[in-house]
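Peer 1: Please find start-v7.csv (CSV, C-alpha atoms and all ligand atoms) on the next line:
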chain,number,residue,atom,x,y,z
A,1,MET,CA,-32.0,4.4,-63.8
A,2,THR,CA,-29.6,7.4,-64.2
A,3,ALA,CA,-27.5,8.7,-61.4
A,4,LEU,CA,-29.2,10.6,-58.6
A,5,PRO,CA,-26.5,13.2,-57.5
A,6,VAL,CA,-26.8,14.9,-54.1
A,7,THR,CA,-27.2,18.7,-54.4
A,8,SER,CA,-27.5,19.5,-50.7
A,9,VAL,CA,-27.6,18.0,-47.2
A,10,ARG,CA,-29.3,20.1,-44.6
A,11,THR,CA,-29.9,19.5,-40.9
A,12,THR,CA,-32.5,20.7,-38.3
A,13,VAL,CA,-32.5,20.1,-34.6
A,14,LEU,CA,-36.0,19.2,-33.2
A,15,ASP,CA,-37.2,18.9,-29.6
A,16,LEU,CA,-40.4,16.8,-29.0
A,17,PRO,CA,-42.3,16.3,-25.8
A,18,ILE,CA,-42.9,12.7,-24.5
A,19,ARG,CA,-46.0,11.4,-22.7
A,20,ARG,CA,-44.2,10.4,-19.4
A,21,SER,CA,-40.7,10.7,-18.2
A,22,HIS,CA,-38.5,7.7,-19.0
A,23,GLN,CA,-35.8,6.4,-16.6
A,24,PHE,CA,-32.8,4.6,-17.9
A,25,ALA,CA,-30.2,3.2,-15.6
A,26,THR,CA,-28.2,6.4,-15.1
A,27,HIS,CA,-30.3,8.9,-17.1
A,28,HIS,CA,-33.8,10.3,-17.2
A,29,ILE,CA,-35.6,12.2,-20.0
A,30,ASP,CA,-38.8,14.3,-20.2
A,31,HIS,CA,-38.3,15.2,-23.9
A,32,GLN,CA,-36.5,13.8,-26.9
A,33,SER,CA,-34.3,15.6,-29.4
A,34,TYR,CA,-33.8,14.6,-33.1
A,35,LEU,CA,-31.8,15.7,-36.0
A,36,LEU,CA,-33.7,15.9,-39.3
A,37,VAL,CA,-31.4,15.3,-42.2
A,38,THR,CA,-32.8,16.4,-45.6
A,39,VAL,CA,-31.0,15.4,-48.9
A,40,THR,CA,-31.9,17.1,-52.1
A,41,THR,CA,-31.0,15.5,-55.5
A,42,ASP,CA,-30.5,16.8,-59.0
A,43,GLY,CA,-33.9,16.4,-60.6
A,44,GLY,CA,-34.9,13.5,-58.3
A,45,PRO,CA,-36.8,13.1,-55.1
A,46,THR,CA,-35.8,14.5,-51.7
A,47,GLY,CA,-34.8,12.0,-49.0
A,48,VAL,CA,-35.0,12.4,-45.2
A,49,GLY,CA,-33.3,10.7,-42.3
A,50,GLU,CA,-33.4,11.1,-38.5
A,51,GLY,CA,-30.5,11.4,-36.2
A,52,VAL,CA,-31.2,10.1,-32.6
A,53,SER,CA,-29.4,10.2,-29.3
A,54,PRO,CA,-31.7,8.4,-26.9
A,55,GLY,CA,-31.8,10.5,-23.8
A,56,GLY,CA,-28.6,12.4,-24.9
A,57,PRO,CA,-25.0,11.4,-25.3
A,58,TRP,CA,-24.8,9.0,-22.3
A,59,TRP,CA,-25.6,5.9,-24.5
A,60,SER,CA,-23.5,6.5,-27.7
A,61,GLY,CA,-21.2,9.4,-26.9
A,62,GLU,CA,-22.9,11.3,-29.7
A,63,SER,CA,-25.1,14.3,-29.0
A,64,ILE,CA,-27.7,15.7,-31.4
A,65,GLU,CA,-25.7,19.0,-31.5
A,66,GLY,CA,-22.5,17.1,-32.3
A,67,GLN,CA,-24.2,15.1,-35.1
A,68,GLN,CA,-25.3,18.4,-36.6
A,69,GLN,CA,-21.8,19.8,-36.5
A,70,ILE,CA,-20.1,16.7,-38.0
A,71,ILE,CA,-22.7,16.6,-40.8
A,72,ASP,CA,-22.8,20.3,-41.6
A,73,ARG,CA,-19.1,21.0,-41.4
A,74,TYR,CA,-17.5,17.7,-42.6
A,75,LEU,CA,-19.8,15.1,-44.1
A,76,ALA,CA,-22.3,17.2,-46.2
A,77,PRO,CA,-19.6,19.0,-48.3
A,78,ALA,CA,-18.0,15.7,-49.2
A,79,LEU,CA,-21.3,14.2,-50.3
A,80,ILE,CA,-22.3,16.8,-52.8
A,81,GLY,CA,-22.4,15.1,-56.2
A,82,THR,CA,-22.4,11.6,-54.7
A,83,ASP,CA,-24.9,9.3,-56.2
A,84,CYS,CA,-27.8,8.4,-53.8
A,85,LEU,CA,-28.0,5.0,-55.5
A,86,ASP,CA,-24.4,4.2,-54.5
A,87,THR,CA,-24.9,3.8,-50.8
A,88,HIS,CA,-21.7,1.8,-50.1
A,89,ARG,CA,-19.6,4.5,-51.7
A,90,ALA,CA,-21.3,7.2,-49.7
A,91,LEU,CA,-20.6,5.3,-46.5
A,92,ALA,CA,-16.9,4.9,-47.5
A,93,THR,CA,-16.7,8.7,-48.2
A,94,MET,CA,-18.1,9.4,-44.7
A,95,ASP,CA,-15.7,6.9,-43.1
A,96,ARG,CA,-12.7,8.6,-44.8
A,97,ILE,CA,-13.7,11.9,-43.3
A,98,ALA,CA,-14.7,10.9,-39.8
A,99,PHE,CA,-14.0,7.9,-37.5
A,100,GLY,CA,-17.1,6.8,-35.5
A,101,ASN,CA,-20.0,9.2,-35.5
A,102,ASP,CA,-22.2,6.3,-36.4
A,103,PHE,CA,-25.5,7.8,-35.4
A,104,ALA,CA,-24.8,10.8,-37.6
A,105,LYS,CA,-23.7,8.7,-40.5
A,106,ALA,CA,-26.8,6.5,-40.1
A,107,ALA,CA,-29.1,9.6,-40.4
A,108,VAL,CA,-27.4,10.7,-43.6
A,109,GLU,CA,-27.4,7.1,-45.1
A,110,THR,CA,-31.2,6.8,-44.3
A,111,ALA,CA,-31.8,10.0,-46.2
A,112,LEU,CA,-29.8,8.7,-49.2
A,113,ILE,CA,-31.7,5.4,-49.2
A,114,ASP,CA,-35.1,7.2,-48.8
A,115,ALA,CA,-34.3,9.4,-51.9
A,116,ALA,CA,-33.0,6.3,-53.9
A,117,ALA,CA,-36.0,4.2,-53.0
A,118,ARG,CA,-38.4,7.0,-54.0
A,119,ALA,CA,-36.6,7.4,-57.3
A,120,TRP,CA,-37.0,3.6,-57.9
A,121,GLY,CA,-40.6,3.8,-56.6
A,122,VAL,CA,-40.0,1.0,-54.1
A,123,PRO,CA,-40.2,0.7,-50.3
A,124,ALA,CA,-36.9,1.2,-48.6
A,125,HIS,CA,-36.8,-2.5,-47.5
A,126,VAL,CA,-36.2,-3.5,-51.1
A,127,LEU,CA,-32.9,-1.6,-51.2
A,128,ILE,CA,-31.9,-2.5,-47.6
A,129,GLY,CA,-32.5,-6.2,-47.6
A,130,GLY,CA,-34.0,-7.5,-50.8
A,131,GLY,CA,-37.6,-7.0,-49.7
A,132,ALA,CA,-39.8,-7.7,-46.7
A,133,THR,CA,-40.1,-11.1,-45.1
A,134,ARG,CA,-42.9,-9.8,-42.8
A,135,ASP,CA,-45.4,-7.0,-42.9
A,136,ARG,CA,-45.9,-6.5,-39.2
A,137,LEU,CA,-43.5,-6.5,-36.3
A,138,PRO,CA,-44.5,-7.5,-32.7
A,139,VAL,CA,-43.7,-4.6,-30.4
A,140,ARG,CA,-42.4,-5.1,-26.8
A,141,TRP,CA,-43.5,-2.3,-24.6
A,142,ALA,CA,-40.7,-0.7,-22.5
A,143,LEU,CA,-41.4,0.5,-19.0
A,144,SER,CA,-39.5,3.3,-17.2
A,145,GLY,CA,-36.9,2.2,-14.6
A,146,ALA,CA,-38.5,4.4,-12.0
A,147,GLY,CA,-42.0,5.6,-10.9
A,148,THR,CA,-45.1,3.9,-9.5
A,149,GLU,CA,-47.4,3.8,-12.5
A,150,VAL,CA,-45.8,0.8,-14.3
A,151,VAL,CA,-48.3,-1.8,-13.4
A,152,GLN,CA,-51.3,0.2,-14.7
A,153,GLU,CA,-49.2,1.2,-17.8
A,154,ALA,CA,-48.3,-2.4,-18.4
A,155,ALA,CA,-51.9,-3.5,-18.0
A,156,ASP,CA,-53.1,-0.9,-20.5
A,157,ARG,CA,-50.5,-2.0,-23.0
A,158,ILE,CA,-51.4,-5.6,-22.7
A,159,ALA,CA,-55.0,-4.7,-23.2
A,160,GLN,CA,-54.0,-3.0,-26.4
A,161,GLY,CA,-52.4,-6.2,-27.7
A,162,HIS,CA,-48.7,-6.0,-26.6
A,163,ARG,CA,-47.5,-9.4,-25.6
A,164,ALA,CA,-44.0,-8.6,-24.3
A,165,LEU,CA,-42.7,-6.1,-21.7
A,166,LYS,CA,-39.3,-4.7,-21.0
A,167,MET,CA,-38.4,-3.2,-17.6
A,168,LYS,CA,-35.6,-0.7,-17.5
A,169,MET,CA,-33.3,-1.3,-14.5
A,170,GLY,CA,-30.2,-0.1,-12.8
A,171,ALA,CA,-31.5,3.3,-11.5
A,172,LEU,CA,-32.5,1.5,-8.2
A,173,PRO,CA,-30.4,-0.8,-6.0
A,174,PRO,CA,-30.6,-4.3,-7.5
A,175,ASP,CA,-32.8,-5.6,-4.6
A,176,ASP,CA,-35.3,-2.9,-5.2
A,177,ASP,CA,-35.2,-3.4,-9.0
A,178,LEU,CA,-35.9,-7.1,-8.6
A,179,ARG,CA,-38.7,-6.5,-6.1
A,180,ARG,CA,-40.3,-3.9,-8.4
A,181,LEU,CA,-40.2,-6.4,-11.4
A,182,GLY,CA,-41.5,-9.2,-9.2
A,183,LEU,CA,-44.5,-7.1,-8.2
A,184,LEU,CA,-45.2,-6.4,-11.9
A,185,VAL,CA,-45.0,-10.1,-12.8
A,186,ASP,CA,-47.4,-10.9,-9.9
A,187,LYS,CA,-49.9,-8.4,-11.1
A,188,ILE,CA,-49.7,-8.9,-14.9
A,189,GLY,CA,-49.1,-12.7,-14.9
A,190,ALA,CA,-46.8,-15.2,-16.4
A,191,ASP,CA,-48.4,-15.2,-19.9
A,192,VAL,CA,-46.3,-12.2,-20.9
A,193,ASP,CA,-42.7,-12.4,-22.3
A,194,TYR,CA,-40.6,-10.3,-19.9
A,195,LEU,CA,-37.2,-8.7,-20.5
A,196,ALA,CA,-35.0,-6.8,-17.9
A,197,ASP,CA,-32.4,-4.2,-19.1
A,198,PRO,CA,-30.0,-2.6,-16.6
A,199,ASN,CA,-28.0,-0.9,-19.4
A,200,GLY,CA,-24.7,-2.5,-18.3
A,201,VAL,CA,-24.5,-1.1,-14.8
A,202,TRP,CA,-24.3,-4.4,-12.8
A,203,ASP,CA,-20.9,-5.9,-11.8
A,204,PHE,CA,-20.4,-9.6,-12.4
A,205,ARG,CA,-21.5,-10.9,-8.9
A,206,THR,CA,-24.6,-8.7,-9.0
A,207,ALA,CA,-25.5,-9.9,-12.5
A,208,ALA,CA,-24.9,-13.6,-11.6
A,209,TRP,CA,-27.1,-13.2,-8.6
A,210,ALA,CA,-29.8,-11.2,-10.4
A,211,ILE,CA,-29.9,-13.7,-13.3
A,212,ARG,CA,-30.7,-16.5,-10.8
A,213,GLU,CA,-33.5,-14.4,-9.3
A,214,LEU,CA,-34.8,-13.3,-12.7
A,215,GLU,CA,-34.9,-17.0,-13.8
A,216,ALA,CA,-36.9,-17.9,-10.7
A,217,MET,CA,-39.3,-15.2,-11.6
A,218,GLY,CA,-39.8,-16.5,-15.1
A,219,ILE,CA,-38.1,-13.6,-16.9
A,220,GLY,CA,-37.1,-14.7,-20.4
A,221,ILE,CA,-34.4,-12.3,-21.4
A,222,VAL,CA,-31.8,-10.1,-19.7
A,223,GLU,CA,-30.4,-7.3,-21.9
A,224,GLN,CA,-26.8,-6.0,-21.4
A,225,PRO,CA,-26.3,-7.1,-17.8
A,226,LEU,CA,-22.6,-6.0,-17.8
A,227,ALA,CA,-20.5,-3.2,-19.2
A,228,ARG,CA,-20.4,-3.0,-23.0
A,229,ALA,CA,-16.7,-4.1,-23.3
A,230,ASP,CA,-17.0,-7.1,-20.9
A,231,LEU,CA,-17.2,-9.9,-23.5
A,232,ALA,CA,-15.6,-12.4,-21.1
A,233,GLY,CA,-18.1,-11.6,-18.3
A,234,MET,CA,-21.1,-11.8,-20.7
A,235,GLY,CA,-19.8,-15.1,-22.0
A,236,ALA,CA,-19.4,-16.4,-18.4
A,237,LEU,CA,-23.0,-15.3,-17.6
A,238,CYS,CA,-24.2,-17.2,-20.7
A,239,THR,CA,-22.5,-20.3,-19.5
A,240,ARG,CA,-24.1,-20.0,-16.0
A,241,ALA,CA,-27.6,-19.1,-17.2
A,242,THR,CA,-30.0,-21.9,-17.8
A,243,ALA,CA,-33.4,-20.7,-19.0
A,244,ILE,CA,-32.8,-17.0,-19.5
A,245,ARG,CA,-31.3,-15.6,-22.7
A,246,ILE,CA,-28.6,-12.9,-22.7
A,247,LEU,CA,-29.3,-10.1,-25.2
A,248,ALA,CA,-26.4,-7.8,-26.2
A,249,ASP,CA,-27.2,-4.2,-26.9
A,250,GLU,CA,-24.3,-1.8,-26.1
A,251,THR,CA,-21.8,-4.6,-26.7
A,252,VAL,CA,-22.9,-5.0,-30.3
A,253,CYS,CA,-23.1,-1.8,-32.4
A,254,ARG,CA,-21.2,-2.3,-35.7
A,255,PRO,CA,-20.9,-5.5,-37.7
A,256,ALA,CA,-17.4,-6.2,-36.3
A,257,ASP,CA,-18.9,-6.1,-32.8
A,258,ALA,CA,-21.3,-8.8,-33.8
A,259,LEU,CA,-18.3,-10.9,-35.0
A,260,ALA,CA,-16.5,-10.3,-31.7
A,261,ALA,CA,-19.5,-11.2,-29.6
A,262,ALA,CA,-20.2,-14.3,-31.6
A,263,ALA,CA,-16.5,-15.4,-31.3
A,264,ALA,CA,-16.6,-14.9,-27.5
A,265,ARG,CA,-20.1,-16.6,-27.2
A,266,ALA,CA,-20.9,-13.4,-25.2
A,267,CYS,CA,-24.7,-13.5,-25.8
A,268,ASP,CA,-27.6,-15.5,-27.1
A,269,ALA,CA,-29.1,-12.7,-29.1
A,270,VAL,CA,-28.2,-9.3,-30.5
A,271,SER,CA,-30.2,-6.1,-30.4
A,272,VAL,CA,-30.0,-4.5,-33.9
A,273,LYS,CA,-30.4,-0.7,-34.3
A,274,PRO,CA,-29.6,1.4,-37.4
A,275,GLY,CA,-28.1,4.3,-35.5
A,276,LYS,CA,-25.5,2.4,-33.4
A,277,ALA,CA,-24.5,0.3,-36.5
A,278,GLY,CA,-23.7,3.3,-38.6
A,279,GLY,CA,-26.7,2.9,-40.9
A,280,LEU,CA,-29.3,0.5,-42.2
A,281,LEU,CA,-27.0,-1.5,-44.4
A,282,ARG,CA,-24.5,-2.0,-41.6
A,283,ALA,CA,-27.2,-3.0,-39.2
A,284,ALA,CA,-28.3,-5.6,-41.7
A,285,GLN,CA,-24.7,-6.8,-41.9
A,286,ALA,CA,-24.5,-7.0,-38.0
A,287,ALA,CA,-27.8,-9.0,-38.1
A,288,ALA,CA,-26.4,-11.3,-40.8
A,289,ILE,CA,-23.2,-12.1,-38.7
A,290,ALA,CA,-25.4,-12.7,-35.7
A,291,GLY,CA,-27.6,-15.1,-37.7
A,292,ALA,CA,-24.6,-16.9,-39.1
A,293,ALA,CA,-23.4,-17.5,-35.6
A,294,GLY,CA,-26.8,-18.9,-34.6
A,295,LEU,CA,-27.7,-15.9,-32.5
A,296,GLY,CA,-31.2,-14.4,-32.4
A,297,CYS,CA,-32.0,-10.8,-33.5
A,298,TYR,CA,-34.1,-8.2,-31.7
A,299,GLY,CA,-35.1,-5.0,-33.3
A,300,GLY,CA,-34.1,-2.3,-30.8
A,301,THR,CA,-35.2,1.3,-30.5
A,302,ALA,CA,-33.6,4.7,-29.9
A,303,LEU,CA,-37.1,6.2,-29.3
A,304,GLU,CA,-37.4,7.5,-32.9
A,305,THR,CA,-40.3,9.5,-34.3
A,306,SER,CA,-42.4,7.9,-37.0
A,307,LEU,CA,-39.6,8.9,-39.5
A,308,GLY,CA,-36.8,6.9,-37.7
A,309,THR,CA,-39.3,4.2,-36.7
A,310,ALA,CA,-40.3,3.7,-40.3
A,311,ALA,CA,-36.6,3.4,-41.3
A,312,ALA,CA,-35.9,0.8,-38.6
A,313,ALA,CA,-39.2,-1.0,-39.5
A,314,HIS,CA,-38.0,-1.4,-43.1
A,315,LEU,CA,-34.7,-2.9,-41.9
A,316,PHE,CA,-36.4,-5.2,-39.4
A,317,ALA,CA,-39.0,-6.3,-42.0
A,318,ALA,CA,-36.2,-7.4,-44.3
A,319,LEU,CA,-34.2,-9.4,-41.7
A,320,PRO,CA,-34.5,-13.1,-42.4
A,321,ASP,CA,-34.7,-13.9,-38.6
A,322,LEU,CA,-36.2,-11.5,-36.1
A,323,ARG,CA,-37.1,-14.1,-33.5
A,324,LEU,CA,-37.2,-11.7,-30.5
A,325,GLY,CA,-39.5,-9.2,-32.1
A,326,CYS,CA,-38.9,-5.4,-31.8
A,327,GLU,CA,-39.2,-2.5,-29.5
A,328,LEU,CA,-40.2,0.4,-31.9
A,329,ILE,CA,-42.3,2.3,-29.3
A,330,GLY,CA,-41.0,5.8,-30.1
A,331,PRO,CA,-44.2,7.2,-31.8
A,332,LEU,CA,-46.3,5.8,-28.9
A,333,LEU,CA,-44.2,7.5,-26.3
A,334,LEU,CA,-44.1,10.9,-28.1
A,335,THR,CA,-47.1,13.3,-27.7
A,336,ASP,CA,-46.7,14.4,-31.4
A,337,ASP,CA,-44.9,13.4,-34.5
A,338,ILE,CA,-43.2,15.0,-37.5
A,339,VAL,CA,-44.9,13.1,-40.4
A,340,THR,CA,-48.3,13.7,-42.0
A,341,ASP,CA,-49.5,10.1,-41.4
A,342,PRO,CA,-47.7,8.5,-38.4
A,343,VAL,CA,-46.7,4.8,-38.5
A,344,ARG,CA,-49.6,2.6,-37.5
A,345,TYR,CA,-49.9,-0.1,-34.8
A,346,HIS,CA,-52.5,-2.9,-34.5
A,347,ASP,CA,-52.9,-5.4,-31.7
A,348,GLY,CA,-49.5,-4.6,-30.4
A,349,ASP,CA,-47.8,-4.9,-33.8
A,350,LEU,CA,-46.2,-2.2,-35.9
A,351,LEU,CA,-47.4,-2.3,-39.4
A,352,VAL,CA,-44.5,-2.0,-41.8
A,353,PRO,CA,-45.0,1.1,-44.1
A,354,THR,CA,-45.6,0.1,-47.7
A,355,GLY,CA,-45.2,3.3,-49.7
A,356,PRO,CA,-42.1,4.3,-51.7
A,357,GLY,CA,-39.0,5.3,-49.7
A,358,LEU,CA,-39.5,5.2,-46.0
A,359,GLY,CA,-43.3,5.3,-46.7
A,360,VAL,CA,-43.9,8.3,-44.5
A,361,ASP,CA,-43.9,12.0,-45.5
A,362,VAL,CA,-42.5,14.8,-43.4
A,363,ASP,CA,-45.0,17.4,-42.0
A,364,TRP,CA,-43.1,20.6,-42.5
A,365,ASP,CA,-45.4,22.6,-40.3
A,366,LYS,CA,-44.7,20.2,-37.5
A,367,VAL,CA,-41.0,20.5,-38.2
A,368,GLU,CA,-41.2,24.2,-37.9
A,369,ARG,CA,-43.2,24.0,-34.7
A,370,TYR,CA,-40.5,21.7,-33.0
A,371,THR,CA,-37.4,23.3,-34.5
A,372,ARG,CA,-35.1,24.3,-31.6
A,373,CYS,CA,-34.7,28.1,-31.3
A,374,ALA,CA,-31.2,29.4,-31.7
A,375,SER,CA,-30.0,30.3,-28.3
A,401,MN,MN,-30.7,-1.5,-24.2
Hey, can you dump this file as structure tokens for me?
Peer 2:
Amino acid sequence: MTALPVTSVRTTVLDLPIRRSHQFATHHIDHQSYLLVTVTTDGGPTGVGEGVSPGGPWWSGESIEGQQQIIDRYLAPALIGTDCLDTHRALATMDRIAFGNDFAKAAVETALIDAAARAWGVPAHVLIGGGATRDRLPVRWALSGAGTEVVQEAADRIAQGHRALKMKMGALPPDDDLRRLGLLVDKIGADVDYLADPNGVWDFRTAAWAIRELEAMGIGIVEQPLARADLAGMGALCTRATAIRILADETVCRPADALAAAAARACDAVSVKPGKAGGLLRAAQAAAIAGAAGLGCYGGTALETSLGTAAAAHLFAALPDLRLGCELIGPLLLTDDIVTDPVRYHDGDLLVPTGPGLGVDVDWDKVERYTRCAS
């Protein structure tokens, strides 16, 4: 294989509607924005990647608009002529130019890997992790942290084959949150694997109390009970907890965060996401560190379209251990998509795309329809 030099990196901001509003602990959305990154190559295939900022900059500090600026003004010019097949060098180039900006870098890296995998004629998971260890991923359905329709929505999703549910928390007072979840468990039953995620808004005493209550309710996992930097607090909760597992999300973004969390025994499992890790390869490294420390891995979501979902699915398919399943619900929450043939779900599982590259093709008419108008 000869080199596959980058000839252009282009970005487009898209706004897509979602089926119902989604309440996080401190933030609520009724549409979702994306940054489509398109990499053209000299005589080779075009690659695409997707920048995400779930619900806006509250989670990562990166906005879609900021990602576009950092890529257009700083990263793209430096990548012209870079070989798509040399992913680590491209990542090092981006690191030299900009600290952080991991979601933006991940979007570019995904496009490079898509182009490279298409040139090789292999699915992206071959380049990300040496091939797929599974061809379908069990999907946990995530319920909004506010609203009264959750029981019906959960029942519908269980009927469609989902076997695990997540409840967003933290928007309501803890007592009300627990009561709301208790009602759901009463109605849906104990055969489902439940997860509670307050996005780090509880203080230590609240979390310690809530974990006892969640355990009594039969909840299996609590995600990010404390603020992202509170490794000592997370570790103390792990020591106190008996049945429930502590899952780190905001606490573990890049590979070095996985190392710090493992050293502090701050969690039982790690949520892996390409965006927060700074790319697919770095997310695989974070997962490898977690695995080496005996921690489980969970395939998290940033509510991607089928494009970003396919990229994450290739990563999760390649991880040796994904014992907590995944949460790639983005395409099911959106009312439309930006690819010609959206990723497919069956019996509550996401089927890992099998075609070359990301295995999905951009629908350019849809891209045009959802492109944000210049204001
Ligand atoms: Mn989370």
Peer 1: Counting only C-alpha atoms, which residues sit no farther than 10 Å from the position (-35.2, -0.1, -37.5) in the file's frame? I'd like them as a ChimeraX atom specification.
Peer 2: /A:272-275,279-280,283-284,299-302,304,308-317,326-328
Peer 1: Restricting it to C-alpha atoms, dump the selection as a PDB file, in the coordinates of the input.
Peer 2:
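What follows is the written file selection_16.pdb:
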ATOM      1  CA  VAL A 272     -30.000  -4.500 -33.900  1.00  0.00           C
ATOM      2  CA  LYS A 273     -30.400  -0.700 -34.300  1.00  0.00           C
ATOM      3  CA  PRO A 274     -29.600   1.400 -37.400  1.00  0.00           C
ATOM      4  CA  GLY A 275     -28.100   4.300 -35.500  1.00  0.00           C
ATOM      5  CA  GLY A 279     -26.700   2.900 -40.900  1.00  0.00           C
ATOM      6  CA  LEU A 280     -29.300   0.500 -42.200  1.00  0.00           C
ATOM      7  CA  ALA A 283     -27.200  -3.000 -39.200  1.00  0.00           C
ATOM      8  CA  ALA A 284     -28.300  -5.600 -41.700  1.00  0.00           C
ATOM      9  CA  GLY A 299     -35.100  -5.000 -33.300  1.00  0.00           C
ATOM     10  CA  GLY A 300     -34.100  -2.300 -30.800  1.00  0.00           C
ATOM     11  CA  THR A 301     -35.200   1.300 -30.500  1.00  0.00           C
ATOM     12  CA  ALA A 302     -33.600   4.700 -29.900  1.00  0.00           C
ATOM     13  CA  GLU A 304     -37.400   7.500 -32.900  1.00  0.00           C
ATOM     14  CA  GLY A 308     -36.800   6.900 -37.700  1.00  0.00           C
ATOM     15  CA  THR A 309     -39.300   4.200 -36.700  1.00  0.00           C
ATOM     16  CA  ALA A 310     -40.300   3.700 -40.300  1.00  0.00           C
ATOM     17  CA  ALA A 311     -36.600   3.400 -41.300  1.00  0.00           C
ATOM     18  CA  ALA A 312     -35.900   0.800 -38.600  1.00  0.00           C
ATOM     19  CA  ALA A 313     -39.200  -1.000 -39.500  1.00  0.00           C
ATOM     20  CA  HIS A 314     -38.000  -1.400 -43.100  1.00  0.00           C
ATOM     21  CA  LEU A 315     -34.700  -2.900 -41.900  1.00  0.00           C
ATOM     22  CA  PHE A 316     -36.400  -5.200 -39.400  1.00  0.00           C
ATOM     23  CA  ALA A 317     -39.000  -6.300 -42.000  1.00  0.00           C
ATOM     24  CA  CYS A 326     -38.900  -5.400 -31.800  1.00  0.00           C
ATOM     25  CA  GLU A 327     -39.200  -2.500 -29.500  1.00  0.00           C
ATOM     26  CA  LEU A 328     -40.200   0.400 -31.900  1.00  0.00           C
TER      27      LEU A 328
END
Peer 1: Separation of CA of Ile80 (chain A) and CA of Ala116 (chain A), in Å?
Peer 2: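 Straight-line distance from CA of Ile80 (chain A) to CA of Ala116 (chain A) works out to 15.0 Å.
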Peer 1: Please give me, as a list of chain:residue names, the residues lying within 8 Å of ligand MN 401 (chain A) when counting all atoms listed in the file.
Peer 2: A:Asp197, A:Pro198, A:Asn199, A:Glu223, A:Gln224, A:Ala248, A:Asp249, A:Glu250, A:Ser271, A:Gly300
Peer 1: Keeping only C-alpha atoms, take the residues you just selected and write them out as an mmCIF file, keeping the file's coordinate frame.
Peer 2:
data_model
loop_
_atom_site.group_PDB
_atom_site.id
_atom_site.type_symbol
_atom_site.label_atom_id
_atom_site.label_comp_id
_atom_site.auth_asym_id
_atom_site.auth_seq_id
_atom_site.Cartn_x
_atom_site.Cartn_y
_atom_site.Cartn_z
ATOM 1 C CA ASP A 197 -32.400 -4.200 -19.100
ATOM 2 C CA PRO A 198 -30.000 -2.600 -16.600
ATOM 3 C CA ASN A 199 -28.000 -0.900 -19.400
ATOM 4 C CA GLU A 223 -30.400 -7.300 -21.900
ATOM 5 C CA GLN A 224 -26.800 -6.000 -21.400
ATOM 6 C CA ALA A 248 -26.400 -7.800 -26.200
ATOM 7 C CA ASP A 249 -27.200 -4.200 -26.900
ATOM 8 C CA GLU A 250 -24.300 -1.800 -26.100
ATOM 9 C CA SER A 271 -30.200 -6.100 -30.400
ATOM 10 C CA GLY A 300 -34.100 -2.300 -30.800
#
Peer 1: Show me, as a list in words, the residues that have an atom within 10 Å of Gly130 (chain A) when counting only C-alpha atoms, minus same-chain residues fewer than 6 positions from it.
Peer 2: Ala124, Ala318 and Leu319 of chain A
Peer 1: Can you work out which one of A:Glu50, A:Gln68, A:Pro353, A:Trp364 has the shortest atom-to-atom distance to Val122 (chain A), counting only C-alpha atoms?
Peer 2: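 Residue with the minimum atom-to-atom distance to Val122 (chain A): A:Pro353.
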Peer 1: Which residues are near Leu334 (chain A)? Cut-off 7 Å, only C-alpha atoms, ignore same chain within fewer than 2 positions. Put them as a list in words.
Peer 2: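 Here the qualifying residues turn out to be Pro17, Ile18, Arg19, Gly330, Pro331, Leu332, Asp336 and Asp337 of chain A.
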Peer 1: Dump as a list in words all residues having an atom at most 10 Å from (-30.6, 26.5, -29.4), computed in the file's coordinates with all atoms listed in the file.
Peer 2: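 Returned residue set, sorted by chain then number, is Val13, Leu14, Glu65, Thr371, Arg372, Cys373, Ala374 and Ser375 of chain A.
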Peer 1: For Thr87 (chain A), find every residue with an atom within 9 Å (counting only C-alpha atoms), except residues of its own chain fewer than 3 positions away, and show them as a list in words.
Peer 2: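 The contact residues come out as Asp83, Cys84, Ala90, Leu91, Ala92, Glu109, Leu112, Ile113 and Leu281 of chain A.
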Peer 1: Once you count only C-alpha atoms, what closest atom pair and distance in Å to one decimal does each residue of region 84-196 of chain A within 12 Å of region 34-42 of chain A have, with rows by chain and rising residue number, as CSV?
Peer 2:
residue,atom,partner,partner_atom,distance
A:Cys84,CA,A:Thr41,CA,8.0
A:Leu85,CA,A:Thr41,CA,10.9
A:Phe103,CA,A:Leu35,CA,10.1
A:Ala104,CA,A:Leu35,CA,8.7
A:Lys105,CA,A:Val37,CA,10.3
A:Ala106,CA,A:Val37,CA,10.1
A:Ala107,CA,A:Val37,CA,6.4
A:Val108,CA,A:Val37,CA,6.3
A:Glu109,CA,A:Val37,CA,9.6
A:Thr110,CA,A:Val37,CA,8.8
A:Ala111,CA,A:Val39,CA,6.1
A:Leu112,CA,A:Val39,CA,6.8
A:Ile113,CA,A:Val39,CA,10.0
A:Asp114,CA,A:Val39,CA,9.2
A:Ala115,CA,A:Val39,CA,7.5
A:Ala116,CA,A:Thr41,CA,9.5
A:Arg118,CA,A:Thr41,CA,11.4
A:Ala119,CA,A:Thr41,CA,10.0
Peer 1: Name the closest residue to Ala132 (chain A) among the candidates A:Asp193, A:Asp15, A:Asp321, A:Glu153; distances are taken between atoms, counting all atoms listed in the file.
Peer 2: A:Asp321
Peer 1: Find the distance between CA of Ser63 (chain A) and CA of Asp102 (chain A) and write it in Å to one decimal.
Peer 2: 11.3 Å
Peer 1: Which is closest to Pro174 (chain A) among A:Pro45, A:Pro342, A:Gly357, A:Pro225, if we use all atoms listed in the file?
Peer 2: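 Of the candidates, the smallest distance to Pro174 (chain A) is held by A:Pro225.
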Peer 1: Give me the residues within 10 Å of region 208-212 of chain A as a PyMOL selection string, counting all atoms listed in the file and dropping any in the same chain fewer than 3 places off.
Peer 2: chain A and resi 174-175+177-178+196+202-205+215-217+219+221-222+225+233+236-238+240-246
